[in-house]
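S.K.: What follows is run.txt, compact mmCIF, N, CA and C atoms and all ligand atoms.
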```txt
# COMPACT_ATOMS: atom_id res chain seq x y z
N MET D 1 -11.42 -1.66 16.81
CA MET D 1 -10.30 -1.26 15.95
C MET D 1 -10.79 -0.97 14.53
N LYS D 2 -10.24 0.10 13.97
CA LYS D 2 -10.59 0.41 12.57
C LYS D 2 -9.99 -0.65 11.65
N ARG D 3 -10.73 -0.95 10.58
CA ARG D 3 -10.22 -1.91 9.59
C ARG D 3 -9.98 -1.18 8.28
N ILE D 4 -8.75 -1.31 7.80
CA ILE D 4 -8.39 -0.63 6.55
C ILE D 4 -7.81 -1.64 5.56
N GLN D 5 -8.39 -1.62 4.37
CA GLN D 5 -7.96 -2.55 3.32
C GLN D 5 -7.06 -1.82 2.32
N ILE D 6 -5.89 -2.37 2.07
CA ILE D 6 -5.04 -1.86 0.98
C ILE D 6 -5.25 -2.80 -0.22
N ILE D 7 -5.49 -2.21 -1.39
CA ILE D 7 -5.64 -3.01 -2.61
C ILE D 7 -4.62 -2.52 -3.64
N ASN D 8 -3.80 -3.44 -4.11
CA ASN D 8 -2.86 -3.13 -5.18
C ASN D 8 -3.27 -3.85 -6.45
N GLY D 9 -3.17 -3.14 -7.56
CA GLY D 9 -3.54 -3.69 -8.86
C GLY D 9 -2.36 -4.28 -9.62
N PRO D 10 -2.49 -4.35 -10.92
CA PRO D 10 -1.56 -5.12 -11.76
C PRO D 10 -0.11 -4.65 -11.68
N ASN D 11 0.77 -5.63 -11.66
CA ASN D 11 2.23 -5.47 -11.68
C ASN D 11 2.80 -4.99 -10.36
N LEU D 12 1.94 -4.66 -9.41
CA LEU D 12 2.45 -4.18 -8.12
C LEU D 12 2.91 -5.34 -7.24
N ASN D 13 2.64 -6.58 -7.66
CA ASN D 13 3.26 -7.73 -7.01
C ASN D 13 4.76 -7.76 -7.26
N LEU D 14 5.21 -7.02 -8.27
CA LEU D 14 6.66 -7.02 -8.61
C LEU D 14 7.40 -5.82 -8.01
N LEU D 15 6.76 -5.11 -7.08
CA LEU D 15 7.46 -3.98 -6.44
C LEU D 15 8.76 -4.48 -5.83
N GLY D 16 9.82 -3.69 -6.01
CA GLY D 16 11.15 -4.11 -5.56
C GLY D 16 11.99 -4.64 -6.71
N LYS D 17 11.30 -5.26 -7.69
CA LYS D 17 12.00 -5.81 -8.87
C LYS D 17 11.67 -4.98 -10.10
N ARG D 18 10.47 -4.38 -10.09
CA ARG D 18 9.93 -3.72 -11.27
C ARG D 18 10.41 -2.27 -11.33
N GLU D 19 11.05 -1.87 -12.44
CA GLU D 19 11.46 -0.48 -12.67
C GLU D 19 11.84 0.23 -11.35
N PRO D 20 12.91 -0.23 -10.70
CA PRO D 20 13.22 0.31 -9.36
C PRO D 20 13.51 1.81 -9.33
N LEU D 21 13.92 2.38 -10.46
CA LEU D 21 14.15 3.84 -10.46
C LEU D 21 12.85 4.59 -10.23
N LEU D 22 11.76 4.00 -10.70
CA LEU D 22 10.44 4.64 -10.51
C LEU D 22 9.78 4.21 -9.22
N TYR D 23 9.91 2.91 -8.89
CA TYR D 23 9.08 2.35 -7.82
C TYR D 23 9.87 1.89 -6.60
N GLY D 24 11.22 2.06 -6.64
CA GLY D 24 12.01 1.72 -5.46
C GLY D 24 12.43 0.25 -5.42
N HIS D 25 13.14 -0.10 -4.35
CA HIS D 25 13.76 -1.42 -4.24
C HIS D 25 13.06 -2.33 -3.24
N GLN D 26 11.99 -1.83 -2.63
CA GLN D 26 11.37 -2.61 -1.56
C GLN D 26 10.14 -3.36 -2.07
N SER D 27 10.00 -4.61 -1.64
CA SER D 27 8.78 -5.35 -1.99
C SER D 27 7.63 -4.80 -1.16
N PHE D 28 6.40 -4.99 -1.65
CA PHE D 28 5.28 -4.48 -0.86
C PHE D 28 5.13 -5.28 0.42
N GLU D 29 5.45 -6.57 0.35
CA GLU D 29 5.31 -7.42 1.54
C GLU D 29 6.19 -6.89 2.67
N ALA D 30 7.44 -6.48 2.33
CA ALA D 30 8.35 -5.93 3.35
C ALA D 30 7.82 -4.60 3.88
N TYR D 31 7.34 -3.77 2.96
CA TYR D 31 6.80 -2.46 3.38
C TYR D 31 5.55 -2.65 4.25
N PHE D 32 4.74 -3.64 3.91
CA PHE D 32 3.50 -3.89 4.67
C PHE D 32 3.82 -4.23 6.13
N GLU D 33 4.92 -4.96 6.35
CA GLU D 33 5.32 -5.28 7.74
C GLU D 33 5.63 -3.98 8.49
N GLU D 34 6.31 -3.05 7.81
CA GLU D 34 6.61 -1.73 8.44
C GLU D 34 5.32 -0.99 8.75
N LEU D 35 4.40 -1.02 7.78
CA LEU D 35 3.13 -0.30 7.97
C LEU D 35 2.37 -0.83 9.18
N LYS D 36 2.37 -2.16 9.33
CA LYS D 36 1.62 -2.77 10.45
C LYS D 36 2.22 -2.32 11.79
N LYS D 37 3.56 -2.16 11.82
CA LYS D 37 4.20 -1.67 13.06
C LYS D 37 3.83 -0.21 13.32
N LYS D 38 3.83 0.59 12.24
CA LYS D 38 3.54 2.03 12.40
C LYS D 38 2.10 2.26 12.81
N PHE D 39 1.19 1.44 12.29
CA PHE D 39 -0.24 1.63 12.58
C PHE D 39 -0.73 0.47 13.44
N SER D 40 -0.18 0.40 14.66
CA SER D 40 -0.50 -0.75 15.51
C SER D 40 -1.91 -0.65 16.10
N THR D 41 -2.54 0.52 15.97
CA THR D 41 -3.88 0.67 16.57
C THR D 41 -5.00 0.44 15.55
N VAL D 42 -4.63 0.05 14.33
CA VAL D 42 -5.66 -0.30 13.34
C VAL D 42 -5.37 -1.68 12.77
N GLU D 43 -6.41 -2.29 12.21
CA GLU D 43 -6.21 -3.57 11.53
C GLU D 43 -6.01 -3.30 10.06
N LEU D 44 -4.84 -3.68 9.55
CA LEU D 44 -4.53 -3.46 8.13
C LEU D 44 -4.61 -4.78 7.38
N PHE D 45 -5.20 -4.72 6.20
CA PHE D 45 -5.31 -5.91 5.36
C PHE D 45 -4.74 -5.56 3.98
N TYR D 46 -4.08 -6.54 3.37
CA TYR D 46 -3.46 -6.30 2.06
C TYR D 46 -3.95 -7.33 1.05
N PHE D 47 -4.30 -6.82 -0.14
CA PHE D 47 -4.72 -7.69 -1.24
C PHE D 47 -4.11 -7.16 -2.53
N GLN D 48 -3.58 -8.06 -3.34
CA GLN D 48 -3.05 -7.65 -4.65
C GLN D 48 -3.62 -8.58 -5.71
N SER D 49 -3.97 -8.00 -6.86
CA SER D 49 -4.39 -8.83 -7.99
C SER D 49 -4.02 -8.17 -9.30
N ASN D 50 -3.71 -9.03 -10.27
CA ASN D 50 -3.45 -8.54 -11.63
C ASN D 50 -4.72 -8.53 -12.48
N ASN D 51 -5.84 -8.90 -11.85
CA ASN D 51 -7.10 -9.04 -12.60
C ASN D 51 -8.13 -8.00 -12.15
N GLU D 52 -8.67 -7.32 -13.13
CA GLU D 52 -9.64 -6.24 -12.86
C GLU D 52 -10.83 -6.75 -12.04
N GLY D 53 -11.39 -7.90 -12.42
CA GLY D 53 -12.58 -8.43 -11.74
C GLY D 53 -12.30 -8.76 -10.28
N GLU D 54 -11.11 -9.25 -10.00
CA GLU D 54 -10.78 -9.58 -8.60
C GLU D 54 -10.64 -8.32 -7.75
N ILE D 55 -10.17 -7.24 -8.37
CA ILE D 55 -10.08 -5.95 -7.64
C ILE D 55 -11.50 -5.47 -7.32
N ILE D 56 -12.38 -5.60 -8.30
CA ILE D 56 -13.78 -5.20 -8.10
C ILE D 56 -14.42 -6.06 -7.01
N ASP D 57 -14.17 -7.37 -7.04
CA ASP D 57 -14.73 -8.26 -6.01
C ASP D 57 -14.24 -7.85 -4.62
N LYS D 58 -12.98 -7.48 -4.50
CA LYS D 58 -12.44 -7.09 -3.18
C LYS D 58 -13.06 -5.76 -2.74
N LEU D 59 -13.30 -4.85 -3.66
CA LEU D 59 -13.99 -3.59 -3.31
C LEU D 59 -15.40 -3.91 -2.79
N HIS D 60 -16.10 -4.83 -3.45
CA HIS D 60 -17.45 -5.20 -3.01
C HIS D 60 -17.41 -5.86 -1.64
N GLU D 61 -16.41 -6.73 -1.46
CA GLU D 61 -16.32 -7.53 -0.22
C GLU D 61 -16.04 -6.64 1.00
N THR D 62 -15.19 -5.63 0.82
CA THR D 62 -14.76 -4.81 1.97
C THR D 62 -15.48 -3.47 2.01
N GLY D 63 -16.26 -3.17 0.98
CA GLY D 63 -16.77 -1.82 0.80
C GLY D 63 -18.01 -1.45 1.58
N PHE D 64 -18.47 -2.37 2.46
CA PHE D 64 -19.67 -2.03 3.23
C PHE D 64 -19.43 -2.02 4.73
N ASP D 65 -18.33 -2.67 5.19
CA ASP D 65 -18.11 -2.63 6.64
C ASP D 65 -16.69 -2.31 7.05
N TYR D 66 -15.79 -2.08 6.11
CA TYR D 66 -14.45 -1.60 6.49
C TYR D 66 -14.50 -0.07 6.64
N ASP D 67 -13.51 0.47 7.34
CA ASP D 67 -13.50 1.92 7.60
C ASP D 67 -12.85 2.70 6.47
N GLY D 68 -11.97 2.06 5.73
CA GLY D 68 -11.32 2.76 4.64
C GLY D 68 -10.63 1.80 3.69
N ILE D 69 -10.49 2.23 2.45
CA ILE D 69 -9.77 1.45 1.44
C ILE D 69 -8.72 2.35 0.81
N VAL D 70 -7.49 1.86 0.75
CA VAL D 70 -6.39 2.56 0.07
C VAL D 70 -6.12 1.77 -1.21
N LEU D 71 -6.35 2.41 -2.34
CA LEU D 71 -6.32 1.68 -3.62
C LEU D 71 -5.26 2.24 -4.56
N ASN D 72 -4.33 1.37 -4.95
CA ASN D 72 -3.46 1.68 -6.08
C ASN D 72 -3.84 0.71 -7.18
N ALA D 73 -4.61 1.18 -8.14
CA ALA D 73 -5.12 0.29 -9.19
C ALA D 73 -4.13 0.15 -10.35
N GLY D 74 -2.91 0.67 -10.18
CA GLY D 74 -1.90 0.54 -11.24
C GLY D 74 -2.45 1.08 -12.55
N ALA D 75 -2.14 0.40 -13.63
CA ALA D 75 -2.55 0.90 -14.96
C ALA D 75 -4.06 0.92 -15.16
N TYR D 76 -4.82 0.13 -14.35
CA TYR D 76 -6.29 0.19 -14.46
C TYR D 76 -6.84 1.57 -14.10
N THR D 77 -6.05 2.33 -13.34
CA THR D 77 -6.42 3.71 -13.02
C THR D 77 -6.80 4.48 -14.28
N HIS D 78 -6.04 4.21 -15.34
CA HIS D 78 -6.15 5.01 -16.56
C HIS D 78 -7.09 4.39 -17.59
N THR D 79 -7.68 3.24 -17.24
CA THR D 79 -8.51 2.54 -18.23
C THR D 79 -9.87 2.08 -17.72
N SER D 80 -10.04 1.96 -16.40
CA SER D 80 -11.16 1.15 -15.91
C SER D 80 -12.39 1.92 -15.43
N VAL D 81 -13.38 1.96 -16.29
CA VAL D 81 -14.69 2.49 -15.91
C VAL D 81 -15.33 1.54 -14.89
N ALA D 82 -15.04 0.24 -15.02
CA ALA D 82 -15.65 -0.76 -14.13
C ALA D 82 -15.17 -0.58 -12.68
N ILE D 83 -13.89 -0.29 -12.48
CA ILE D 83 -13.40 -0.06 -11.10
C ILE D 83 -13.98 1.25 -10.57
N ALA D 84 -14.07 2.26 -11.41
CA ALA D 84 -14.68 3.53 -10.98
C ALA D 84 -16.12 3.29 -10.54
N ASP D 85 -16.86 2.50 -11.31
CA ASP D 85 -18.26 2.20 -10.94
C ASP D 85 -18.32 1.42 -9.63
N ALA D 86 -17.38 0.51 -9.42
CA ALA D 86 -17.36 -0.27 -8.16
C ALA D 86 -17.14 0.66 -6.98
N ILE D 87 -16.23 1.63 -7.12
CA ILE D 87 -15.96 2.58 -6.03
C ILE D 87 -17.23 3.38 -5.73
N ARG D 88 -17.95 3.75 -6.78
CA ARG D 88 -19.20 4.51 -6.58
C ARG D 88 -20.30 3.65 -5.96
N SER D 89 -20.17 2.33 -6.10
CA SER D 89 -21.23 1.41 -5.64
C SER D 89 -21.13 1.05 -4.17
N ILE D 90 -20.00 1.36 -3.53
CA ILE D 90 -19.79 0.93 -2.14
C ILE D 90 -19.90 2.12 -1.19
N ASN D 91 -19.93 1.84 0.11
CA ASN D 91 -20.05 2.91 1.11
C ASN D 91 -18.71 3.33 1.69
N THR D 92 -17.78 2.40 1.78
CA THR D 92 -16.49 2.70 2.40
C THR D 92 -15.72 3.70 1.53
N PRO D 93 -15.20 4.78 2.15
CA PRO D 93 -14.43 5.74 1.36
C PRO D 93 -13.11 5.14 0.84
N VAL D 94 -12.77 5.51 -0.38
CA VAL D 94 -11.56 5.00 -1.03
C VAL D 94 -10.60 6.16 -1.27
N VAL D 95 -9.34 5.96 -0.88
CA VAL D 95 -8.29 6.92 -1.20
C VAL D 95 -7.43 6.31 -2.31
N GLU D 96 -7.31 7.04 -3.41
CA GLU D 96 -6.48 6.58 -4.54
C GLU D 96 -5.03 6.96 -4.26
N VAL D 97 -4.12 6.02 -4.39
CA VAL D 97 -2.70 6.35 -4.20
C VAL D 97 -1.88 5.89 -5.41
N HIS D 98 -0.79 6.63 -5.64
CA HIS D 98 0.21 6.23 -6.63
C HIS D 98 1.59 6.47 -6.06
N ILE D 99 2.47 5.55 -6.33
CA ILE D 99 3.86 5.63 -5.85
C ILE D 99 4.59 6.73 -6.61
N SER D 100 4.49 6.68 -7.91
CA SER D 100 5.18 7.68 -8.74
C SER D 100 4.28 8.90 -8.93
N ASN D 101 4.90 10.01 -9.30
CA ASN D 101 4.11 11.20 -9.64
C ASN D 101 3.67 11.06 -11.10
N VAL D 102 2.45 10.55 -11.25
CA VAL D 102 1.95 10.25 -12.59
C VAL D 102 1.88 11.50 -13.49
N PHE D 103 1.81 12.67 -12.86
CA PHE D 103 1.72 13.92 -13.64
C PHE D 103 3.05 14.33 -14.26
N LYS D 104 4.13 13.72 -13.79
CA LYS D 104 5.45 13.97 -14.39
C LYS D 104 5.73 12.99 -15.51
N ARG D 105 4.80 12.06 -15.75
CA ARG D 105 5.06 10.95 -16.66
C ARG D 105 4.24 11.11 -17.95
N GLU D 106 4.11 10.03 -18.71
CA GLU D 106 3.42 10.10 -20.00
C GLU D 106 2.01 10.69 -19.83
N SER D 107 1.52 11.37 -20.89
CA SER D 107 0.23 12.06 -20.74
C SER D 107 -0.92 11.07 -20.50
N PHE D 108 -0.79 9.81 -20.98
CA PHE D 108 -1.90 8.87 -20.74
C PHE D 108 -2.05 8.53 -19.26
N ARG D 109 -1.01 8.84 -18.47
CA ARG D 109 -1.12 8.60 -17.02
C ARG D 109 -1.70 9.80 -16.28
N HIS D 110 -1.97 10.89 -17.01
CA HIS D 110 -2.47 12.09 -16.33
C HIS D 110 -3.97 11.98 -16.04
N HIS D 111 -4.64 11.07 -16.74
CA HIS D 111 -6.08 10.93 -16.49
C HIS D 111 -6.36 9.68 -15.67
N SER D 112 -7.17 9.87 -14.62
CA SER D 112 -7.62 8.73 -13.82
C SER D 112 -9.14 8.65 -13.91
N TYR D 113 -9.66 7.46 -14.25
CA TYR D 113 -11.10 7.24 -14.21
C TYR D 113 -11.60 7.17 -12.77
N LEU D 114 -10.66 6.94 -11.83
CA LEU D 114 -11.05 6.63 -10.45
C LEU D 114 -11.18 7.86 -9.56
N SER D 115 -10.37 8.89 -9.83
CA SER D 115 -10.23 10.01 -8.90
C SER D 115 -11.57 10.63 -8.51
N GLU D 116 -12.43 10.80 -9.51
CA GLU D 116 -13.71 11.46 -9.25
C GLU D 116 -14.58 10.66 -8.28
N ALA D 117 -14.38 9.34 -8.26
CA ALA D 117 -15.19 8.49 -7.39
C ALA D 117 -14.56 8.34 -6.00
N CYS D 118 -13.31 8.79 -5.87
CA CYS D 118 -12.58 8.59 -4.61
C CYS D 118 -12.73 9.78 -3.67
N LYS D 119 -12.41 9.53 -2.39
CA LYS D 119 -12.43 10.62 -1.39
C LYS D 119 -11.33 11.63 -1.73
N GLY D 120 -10.19 11.15 -2.18
CA GLY D 120 -9.07 12.01 -2.56
C GLY D 120 -7.94 11.16 -3.09
N CYS D 121 -6.86 11.85 -3.47
CA CYS D 121 -5.75 11.15 -4.13
C CYS D 121 -4.42 11.57 -3.51
N ILE D 122 -3.51 10.61 -3.41
CA ILE D 122 -2.15 10.89 -2.94
C ILE D 122 -1.20 10.33 -3.98
N VAL D 123 -0.38 11.21 -4.52
CA VAL D 123 0.37 10.86 -5.72
C VAL D 123 1.83 11.28 -5.58
N GLY D 124 2.75 10.34 -5.78
CA GLY D 124 4.14 10.73 -5.99
C GLY D 124 5.05 10.73 -4.78
N PHE D 125 4.65 10.10 -3.70
CA PHE D 125 5.50 10.10 -2.50
C PHE D 125 6.20 8.76 -2.27
N GLY D 126 6.40 8.02 -3.34
CA GLY D 126 7.01 6.70 -3.20
C GLY D 126 6.09 5.81 -2.36
N MET D 127 6.69 4.85 -1.66
CA MET D 127 5.88 3.94 -0.84
C MET D 127 5.15 4.71 0.26
N ASP D 128 5.67 5.86 0.66
CA ASP D 128 5.00 6.67 1.70
C ASP D 128 3.59 7.10 1.28
N SER D 129 3.29 7.03 -0.01
CA SER D 129 1.92 7.35 -0.46
C SER D 129 0.90 6.47 0.27
N TYR D 130 1.26 5.20 0.54
CA TYR D 130 0.33 4.31 1.24
C TYR D 130 0.18 4.76 2.70
N HIS D 131 1.31 5.12 3.32
CA HIS D 131 1.28 5.61 4.70
C HIS D 131 0.34 6.83 4.80
N LEU D 132 0.52 7.76 3.87
CA LEU D 132 -0.31 8.98 3.86
C LEU D 132 -1.77 8.63 3.60
N GLY D 133 -2.00 7.64 2.76
CA GLY D 133 -3.37 7.20 2.47
C GLY D 133 -4.06 6.66 3.71
N ILE D 134 -3.33 5.91 4.51
CA ILE D 134 -3.91 5.36 5.75
C ILE D 134 -4.18 6.50 6.73
N GLU D 135 -3.26 7.47 6.80
CA GLU D 135 -3.43 8.62 7.71
C GLU D 135 -4.77 9.31 7.52
N VAL D 136 -5.25 9.34 6.28
CA VAL D 136 -6.53 9.99 5.99
C VAL D 136 -7.64 9.40 6.88
N PHE D 137 -7.56 8.10 7.13
CA PHE D 137 -8.61 7.44 7.91
C PHE D 137 -8.38 7.56 9.42
N MET D 138 -7.27 8.21 9.80
CA MET D 138 -6.96 8.44 11.22
C MET D 138 -7.44 9.82 11.67
N LEU D 139 -7.83 10.67 10.69
CA LEU D 139 -8.16 12.07 11.00
C LEU D 139 -9.45 12.17 11.81
C1 LIG W 201 1.22 3.56 -10.55
C2 LIG W 201 1.19 4.50 -11.75
C3 LIG W 201 0.50 3.86 -12.94
O1 LIG W 201 0.50 4.74 -14.05
C4 LIG W 201 1.22 2.58 -13.33
O2 LIG W 201 0.55 1.94 -14.39
C5 LIG W 201 1.44 1.66 -12.19
C6 LIG W 201 1.85 2.22 -10.91
C7 LIG W 201 2.01 4.15 -9.36
O3 LIG W 201 1.83 3.67 -8.25
O4 LIG W 201 2.83 5.06 -9.55
O5 LIG W 201 1.34 0.46 -12.32
O6 LIG W 201 -0.12 3.34 -10.10
```
Let me see the structure of the file written as structure tokens.

M.R.:
Amino acid sequence: MKRIQIINGPNLNLLGKREPLLYGHQSFEAYFEELKKKFSTVELFYFQSNNEGEIIDKLHETGFDYDGIVLNAGAYTHTSVAIADAIRSINTPVVEVHISNVFKRESFRHHSYLSEACKGCIVGFGMDSYHLGIEVFML
């Protein structure tokens, strides 16, 4: 079975409560249960942290023998050279995802330090961005 790690960064533990007009009303835990049902032929793992170093540690931990990583680094997307370097340091391909369409938002969200290091990016499809991110590893 393929193993796919989902990593969520800062403030994404508050999905469902946080700015619901932008991010919706569903918690990630509830959505993750749906994802596991939809992708019953793969092993899905979920990790969330508000700390940059813990996100990097999880990339290192899963980045050599998992089949894919779906990463929403939250605001670290726009600030973190260290996460970009971690993505470049591992073998497992990483798909960058965002729930909101960051290009419709403030200009500081238009730049990602991570995109260049990632296999590709999925942006703006609500929670379905994660579903689409996993699909990449099914191709
Ligand atoms: C986000 C977009 C980021 O700009 C923001 O800081 C987030 C969430 C998204 O999924 O739309 O925390 O990554």

S.K.: Determine which residues of chain D DSSP labels as helix (DSSP H, G or I) from the backbone of this structure, then write them out as a short mmCIF file (atom, residue, chain, number, x, y, z; two decimals) with N, CA and C atoms, in the frame of the given file.

M.R.:
```cif
data_model
loop_
_atom_site.label_atom_id
_atom_site.label_comp_id
_atom_site.auth_asym_id
_atom_site.auth_seq_id
_atom_site.Cartn_x
_atom_site.Cartn_y
_atom_site.Cartn_z
N LEU D 12 1.94 -4.66 -9.41
CA LEU D 12 2.45 -4.18 -8.12
C LEU D 12 2.91 -5.34 -7.24
N ASN D 13 2.64 -6.58 -7.66
CA ASN D 13 3.26 -7.73 -7.01
C ASN D 13 4.76 -7.76 -7.26
N LEU D 14 5.21 -7.02 -8.27
CA LEU D 14 6.66 -7.02 -8.61
C LEU D 14 7.40 -5.82 -8.01
N PRO D 20 12.91 -0.23 -10.70
CA PRO D 20 13.22 0.31 -9.36
C PRO D 20 13.51 1.81 -9.33
N LEU D 21 13.92 2.38 -10.46
CA LEU D 21 14.15 3.84 -10.46
C LEU D 21 12.85 4.59 -10.23
N LEU D 22 11.76 4.00 -10.70
CA LEU D 22 10.44 4.64 -10.51
C LEU D 22 9.78 4.21 -9.22
N TYR D 23 9.91 2.91 -8.89
CA TYR D 23 9.08 2.35 -7.82
C TYR D 23 9.87 1.89 -6.60
N PHE D 28 6.40 -4.99 -1.65
CA PHE D 28 5.28 -4.48 -0.86
C PHE D 28 5.13 -5.28 0.42
N GLU D 29 5.45 -6.57 0.35
CA GLU D 29 5.31 -7.42 1.54
C GLU D 29 6.19 -6.89 2.67
N ALA D 30 7.44 -6.48 2.33
CA ALA D 30 8.35 -5.93 3.35
C ALA D 30 7.82 -4.60 3.88
N TYR D 31 7.34 -3.77 2.96
CA TYR D 31 6.80 -2.46 3.38
C TYR D 31 5.55 -2.65 4.25
N PHE D 32 4.74 -3.64 3.91
CA PHE D 32 3.50 -3.89 4.67
C PHE D 32 3.82 -4.23 6.13
N GLU D 33 4.92 -4.96 6.35
CA GLU D 33 5.32 -5.28 7.74
C GLU D 33 5.63 -3.98 8.49
N GLU D 34 6.31 -3.05 7.81
CA GLU D 34 6.61 -1.73 8.44
C GLU D 34 5.32 -0.99 8.75
N LEU D 35 4.40 -1.02 7.78
CA LEU D 35 3.13 -0.30 7.97
C LEU D 35 2.37 -0.83 9.18
N LYS D 36 2.37 -2.16 9.33
CA LYS D 36 1.62 -2.77 10.45
C LYS D 36 2.22 -2.32 11.79
N LYS D 37 3.56 -2.16 11.82
CA LYS D 37 4.20 -1.67 13.06
C LYS D 37 3.83 -0.21 13.32
N LYS D 38 3.83 0.59 12.24
CA LYS D 38 3.54 2.03 12.40
C LYS D 38 2.10 2.26 12.81
N GLU D 52 -8.67 -7.32 -13.13
CA GLU D 52 -9.64 -6.24 -12.86
C GLU D 52 -10.83 -6.75 -12.04
N GLY D 53 -11.39 -7.90 -12.42
CA GLY D 53 -12.58 -8.43 -11.74
C GLY D 53 -12.30 -8.76 -10.28
N GLU D 54 -11.11 -9.25 -10.00
CA GLU D 54 -10.78 -9.58 -8.60
C GLU D 54 -10.64 -8.32 -7.75
N ILE D 55 -10.17 -7.24 -8.37
CA ILE D 55 -10.08 -5.95 -7.64
C ILE D 55 -11.50 -5.47 -7.32
N ILE D 56 -12.38 -5.60 -8.30
CA ILE D 56 -13.78 -5.20 -8.10
C ILE D 56 -14.42 -6.06 -7.01
N ASP D 57 -14.17 -7.37 -7.04
CA ASP D 57 -14.73 -8.26 -6.01
C ASP D 57 -14.24 -7.85 -4.62
N LYS D 58 -12.98 -7.48 -4.50
CA LYS D 58 -12.44 -7.09 -3.18
C LYS D 58 -13.06 -5.76 -2.74
N LEU D 59 -13.30 -4.85 -3.66
CA LEU D 59 -13.99 -3.59 -3.31
C LEU D 59 -15.40 -3.91 -2.79
N HIS D 60 -16.10 -4.83 -3.45
CA HIS D 60 -17.45 -5.20 -3.01
C HIS D 60 -17.41 -5.86 -1.64
N GLU D 61 -16.41 -6.73 -1.46
CA GLU D 61 -16.32 -7.53 -0.22
C GLU D 61 -16.04 -6.64 1.00
N THR D 62 -15.19 -5.63 0.82
CA THR D 62 -14.76 -4.81 1.97
C THR D 62 -15.48 -3.47 2.01
N GLY D 74 -2.91 0.67 -10.18
CA GLY D 74 -1.90 0.54 -11.24
C GLY D 74 -2.45 1.08 -12.55
N ALA D 75 -2.14 0.40 -13.63
CA ALA D 75 -2.55 0.90 -14.96
C ALA D 75 -4.06 0.92 -15.16
N TYR D 76 -4.82 0.13 -14.35
CA TYR D 76 -6.29 0.19 -14.46
C TYR D 76 -6.84 1.57 -14.10
N THR D 77 -6.05 2.33 -13.34
CA THR D 77 -6.42 3.71 -13.02
C THR D 77 -6.80 4.48 -14.28
N HIS D 78 -6.04 4.21 -15.34
CA HIS D 78 -6.15 5.01 -16.56
C HIS D 78 -7.09 4.39 -17.59
N VAL D 81 -13.38 1.96 -16.29
CA VAL D 81 -14.69 2.49 -15.91
C VAL D 81 -15.33 1.54 -14.89
N ALA D 82 -15.04 0.24 -15.02
CA ALA D 82 -15.65 -0.76 -14.13
C ALA D 82 -15.17 -0.58 -12.68
N ILE D 83 -13.89 -0.29 -12.48
CA ILE D 83 -13.40 -0.06 -11.10
C ILE D 83 -13.98 1.25 -10.57
N ALA D 84 -14.07 2.26 -11.41
CA ALA D 84 -14.68 3.53 -10.98
C ALA D 84 -16.12 3.29 -10.54
N ASP D 85 -16.86 2.50 -11.31
CA ASP D 85 -18.26 2.20 -10.94
C ASP D 85 -18.32 1.42 -9.63
N ALA D 86 -17.38 0.51 -9.42
CA ALA D 86 -17.36 -0.27 -8.16
C ALA D 86 -17.14 0.66 -6.98
N ILE D 87 -16.23 1.63 -7.12
CA ILE D 87 -15.96 2.58 -6.03
C ILE D 87 -17.23 3.38 -5.73
N ARG D 88 -17.95 3.75 -6.78
CA ARG D 88 -19.20 4.51 -6.58
C ARG D 88 -20.30 3.65 -5.96
N SER D 89 -20.17 2.33 -6.10
CA SER D 89 -21.23 1.41 -5.64
C SER D 89 -21.13 1.05 -4.17
N VAL D 102 2.45 10.55 -11.25
CA VAL D 102 1.95 10.25 -12.59
C VAL D 102 1.88 11.50 -13.49
N PHE D 103 1.81 12.67 -12.86
CA PHE D 103 1.72 13.92 -13.64
C PHE D 103 3.05 14.33 -14.26
N LYS D 104 4.13 13.72 -13.79
CA LYS D 104 5.45 13.97 -14.39
C LYS D 104 5.73 12.99 -15.51
N SER D 107 1.52 11.37 -20.89
CA SER D 107 0.23 12.06 -20.74
C SER D 107 -0.92 11.07 -20.50
N PHE D 108 -0.79 9.81 -20.98
CA PHE D 108 -1.90 8.87 -20.74
C PHE D 108 -2.05 8.53 -19.26
N ARG D 109 -1.01 8.84 -18.47
CA ARG D 109 -1.12 8.60 -17.02
C ARG D 109 -1.70 9.80 -16.28
N SER D 115 -10.37 8.89 -9.83
CA SER D 115 -10.23 10.01 -8.90
C SER D 115 -11.57 10.63 -8.51
N GLU D 116 -12.43 10.80 -9.51
CA GLU D 116 -13.71 11.46 -9.25
C GLU D 116 -14.58 10.66 -8.28
N ALA D 117 -14.38 9.34 -8.26
CA ALA D 117 -15.19 8.49 -7.39
C ALA D 117 -14.56 8.34 -6.00
N ASP D 128 5.67 5.86 0.66
CA ASP D 128 5.00 6.67 1.70
C ASP D 128 3.59 7.10 1.28
N SER D 129 3.29 7.03 -0.01
CA SER D 129 1.92 7.35 -0.46
C SER D 129 0.90 6.47 0.27
N TYR D 130 1.26 5.20 0.54
CA TYR D 130 0.33 4.31 1.24
C TYR D 130 0.18 4.76 2.70
N HIS D 131 1.31 5.12 3.32
CA HIS D 131 1.28 5.61 4.70
C HIS D 131 0.34 6.83 4.80
N LEU D 132 0.52 7.76 3.87
CA LEU D 132 -0.31 8.98 3.86
C LEU D 132 -1.77 8.63 3.60
N GLY D 133 -2.00 7.64 2.76
CA GLY D 133 -3.37 7.20 2.47
C GLY D 133 -4.06 6.66 3.71
N ILE D 134 -3.33 5.91 4.51
CA ILE D 134 -3.91 5.36 5.75
C ILE D 134 -4.18 6.50 6.73
N GLU D 135 -3.26 7.47 6.80
CA GLU D 135 -3.43 8.62 7.71
C GLU D 135 -4.77 9.31 7.52
N VAL D 136 -5.25 9.34 6.28
CA VAL D 136 -6.53 9.99 5.99
C VAL D 136 -7.64 9.40 6.88
#
```

S.K.: Provide the CA of Asn13 in chain D to CA of Leu139 in chain D distance in Å, to one decimal place.

M.R.: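 Computing it gives 29.1 Å between the two atoms.
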
S.K.: May I have the residues within 8 Å of ligand LIG 201 (chain W), computed using only C-alpha atoms and all ligand atoms, as a ChimeraX atom specification?

M.R.: /D:9-12,22-23,72-78,97-102,109,123-124,126

S.K.: Could you check which of D:Gln5, D:Thr79, D:Asn91, D:Ser129 is closest to Lys58 in chain D, using only C-alpha atoms?

M.R.: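 Going through D:Gln5, D:Thr79, D:Asn91, D:Ser129 one by one, the smallest distance to Lys58 in chain D is for D:Gln5.
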